[in-house]
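For reference, the structure is listed below as structure tokens.
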Amino acid sequence: MTDFTPADGEPTSFAERTKDLYRKHRGKILVVGGAVGSVALTAIAVIARNAMAPSVPEGTEDQEQTSATETTGEPRQSPTPHLRKLAEGHSASEEKQAQYKAETGADLEPGTTWVHPPEDEDPGEAAA
């Protein structure tokens, strides 16, 4: 045990004792501080990377997307016309192909369909 009372009998101040301990153990303190700092930086990097990555629960990478109809019982409404990719082996109806050709002047790509919100519905209502 270190004796904190010098030869003259006066007790040593806390600051003096701390400085003395630092001088004696400087190498160990620097090694431990470096290790703690490295662990902290690694933890910050991992947390930052995970915060920026999309959140996907484990085991769901290969699962098919569930449509809004399956989860809520109501069809999903989109505010603007757009193309939708169809499941393999499916094709757009002749009506959708004709509608797409009339609106864009181009033919639908195989495996896609033209999704158009209801004509009488306000786009703001479709998004809600």
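To be explicit about the labels: the chains of the structure tokens are called A, B, and onward in the order shown, and within each one the residues are counted from 1, while ligands get numbers from 1 in the order they are shown.
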
For A:Gly89, work out the shell of residues within 8 Å, counting only C-alpha atoms and skipping chain neighbours fewer than 2 positions away, then give it as a PDB file with C-alpha atoms, in the first residue's frame.
```pdb
ATOM      1  CA  ALA A  87     -46.002 -11.718 -60.438  1.00  0.00           C
ATOM      2  CA  SER A  91     -49.878 -10.177 -67.697  1.00  0.00           C
ATOM      3  CA  GLY A 111     -44.892  -8.433 -66.702  1.00  0.00           C
TER       4      GLY A 111
END
```

> In Å, how far is it from atom CA of A:Val36 to atom CA of A:Ala15?
Replying inline: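 Here the two named atoms are 24.0 Å from each other.
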
> Contacts of stretch 105-107 of chain A at 12 Å or less, counting only C-alpha atoms, minus same-chain residues fewer than 6 places along, as JSON, numbers by chain?
Replying inline: {"A": [83, 92, 94, 96, 97, 98, 99, 113, 114]}
